[in-house]
Amino acid sequence: MEKKVDSCSPTCVLEDFFKSEEFERSHSCKEQPNTDSANEQNSKQGSRWRGFARSFRTKSKKSLANLQSFGSFRLSSRSSSMRENVSVAPDFLAESSRKVFALSELQTATKNFSRENLVGKGGYAEVYKGRLPNGQLVAIKRLTKGTPDEIIGDFLSELGIMAHVNHPNTAKLIGYGIEGGMHLVLELSPNGSLASLLYGSKEKLTWGIRFKIALGTAEGLRYLHEGCKRRIIHRDIKAANILLTKDFDPQICDFGLAKWLPEQWTHHTVSKFEGTFGYLAPEYLMHGIVDEKTDVFAFGVLLLELVTGRRALDYSQQSLVLWAKPLLKKNDIRELIDPALGEDYSIQQVNLVLLAASMCIHQSSIRRPQMNQVIQLLKGNPNGLKSKRKCRVPFFTKAFHEET
Ligand SMILES: Nc1ncnc2c1ncn2[C@@H]1O[C@H](COP(=O)(O)OP(=O)(O)O)[C@@H](O)[C@H]1O
Ligand SMILES: [Mg+2]
């Protein structure tokens, strides 16, 4: 249902924006690969973006609470797509359970954003635990980093992506608030992030839970790459961006850097360097190349963290990948496995996870598997692996040819 809106309401401004080529470009990487003219184009787009953000801010002053009447905004269609053409966030807009929150509601829910309710802090935001009047527990992500224009840009980008995704292994958006700052309201994950449990908690995660997290995160990533209506590259897969439900089901969160990639593109090249050290694929570090394999590499690092209990980058800045590679080559499970697990793990599952990790962190992106192949591997089915005969990874033999 389309709604008529006041010509200068924030709703209208956002509606115009979501319809605009600007939104399409900012989300779907439609800029040219990294040539001089593309760079010039990018900087023009950047200034248009800032222009939009400015206009959004000025026009928003009137009635900030009107945003629930977004209406339906269609993006321009892609030329060749296996997925349907979609309206921006139709599920988000249609679901009455998703709402726009007034600042006073967010303040009441979080006891005025009190420190005791601060449950997380990332590079871009502070996240507060809150309780809605109906008793529901929520996480309120308040964007804090950057100029006001940048914050609005980051907010719209994350909102646009989150509104699209709907999978058991992705974080759930309940609503948003734009009074007194940019806020995303999410379902609260009672067990926090994987990073907080793996590194911050005295109770060590059992192997069973670690394996469940590996498989669930792989499912979530496969959904983003292949299963949802648009091809999404997350670009910041890491332990701090995996939330855990009360049953320790993993949910991918933090879509602040996520990009839509047009179907027909092999990859996208970025000039602005973003992401997290320790998880960055070599071709991204060296050439700014972004595609599904960027996420696959980061997922490989995450698998290593689950097995070893070590951080992607430790306090002395040592890279887990560089530490683990020679051990993977020697098939040295004893050295690799987290001592906190003792003997309490399934050796076959550990072999499968290490095999998947070895492949995901391959130097060459084309040699890395796709997420659907990773899932087959983790499930103990090597058939999806085209080059399995030639596979020289020692864990391959361990995982598939030896009885345990
Ligand atoms: N829904 C949630 N439930 C519980 N904790 C959350 C939730 N969302 C985020 N957090 C916590 O807040 C941290 C920062 O959130 P994130 O979205 O990653 O922000 P940033 O974009 O700044 O990195 C996460 O690492 C996690 O610990
Ligand atoms: Mg984060």
# chains A, B, ... in the order shown; residues from 1 in each chain; ligands from 1
>>> residues_around(residues="Leu244 of chain A", least_positions_apart="2", cutoff="12 Å", atoms="only C-alpha atoms", output="PyMOL selection string")
chain A and resi 168-172+187-198+205+209-210+212-214+216-217+239-242+246-253
>>> closest_atom_pairs(of="chain A", to="ligand 2", cutoff="9 Å", atoms="only C-alpha atoms and all ligand atoms", output="CSV")
residue,atom,partner,partner_atom_place_in_ligand_line,distance
A:Gly120,CA,ligand 2,1 (Mg),9.0
A:Lys121,CA,ligand 2,1 (Mg),7.7
A:Gly122,CA,ligand 2,1 (Mg),4.8
A:Gly123,CA,ligand 2,1 (Mg),6.4
A:Tyr124,CA,ligand 2,1 (Mg),7.3
A:Ala125,CA,ligand 2,1 (Mg),7.9
A:Asp236,CA,ligand 2,1 (Mg),7.5
A:Ile237,CA,ligand 2,1 (Mg),8.7
A:Lys238,CA,ligand 2,1 (Mg),8.1
A:Ala239,CA,ligand 2,1 (Mg),9.0
A:Ala240,CA,ligand 2,1 (Mg),5.9
A:Asn241,CA,ligand 2,1 (Mg),5.0
A:Ile242,CA,ligand 2,1 (Mg),8.7
A:Cys253,CA,ligand 2,1 (Mg),7.4
A:Asp254,CA,ligand 2,1 (Mg),5.1
A:Phe255,CA,ligand 2,1 (Mg),8.2
A:Gly256,CA,ligand 2,1 (Mg),7.8
>>> residues_around(residues="Ser365 of chain A", least_positions_apart="6", cutoff="9 Å", atoms="only C-alpha atoms", output="list in words")
Ala281, Pro282, Glu283, Lys293, Thr294, Val296 and Phe297 of chain A
>>> residues_around(residues="Ile375 of chain A", least_positions_apart="6", cutoff="10 Å", atoms="only C-alpha atoms", output="MDAnalysis selection string")
chainID A and resid 214:219 222 356 369 381:382 384
>>> closest_residue(among="A:Ala258, A:Leu377, A:Val353, A:Ala298", to="Trp207 of chain A", atoms="only C-alpha atoms")
A:Val353
>>> closest_residue(among="A:Ile232, A:Ala109, A:Ile174, A:Ile152", to="ligand 1", atoms="only C-alpha atoms and all ligand atoms")
A:Ile174
>>> closest_residue(among="A:Leu355, A:Leu280, A:Leu173, A:Leu132", to="ligand 1", atoms="only C-alpha atoms and all ligand atoms")
A:Leu173
>>> residues_around(residues="Asp154 of chain A", least_positions_apart="2", cutoff="10 Å", atoms="only C-alpha atoms", output="VMD selection string")
chain A and resid 124 143 145 to 146 148 to 152 156 to 160 182 255 to 257
>>> closest_residue(among="A:Glu226, A:Glu126, A:Asp338, A:Asp332", to="ligand 1", atoms="only C-alpha atoms and all ligand atoms")
A:Glu126
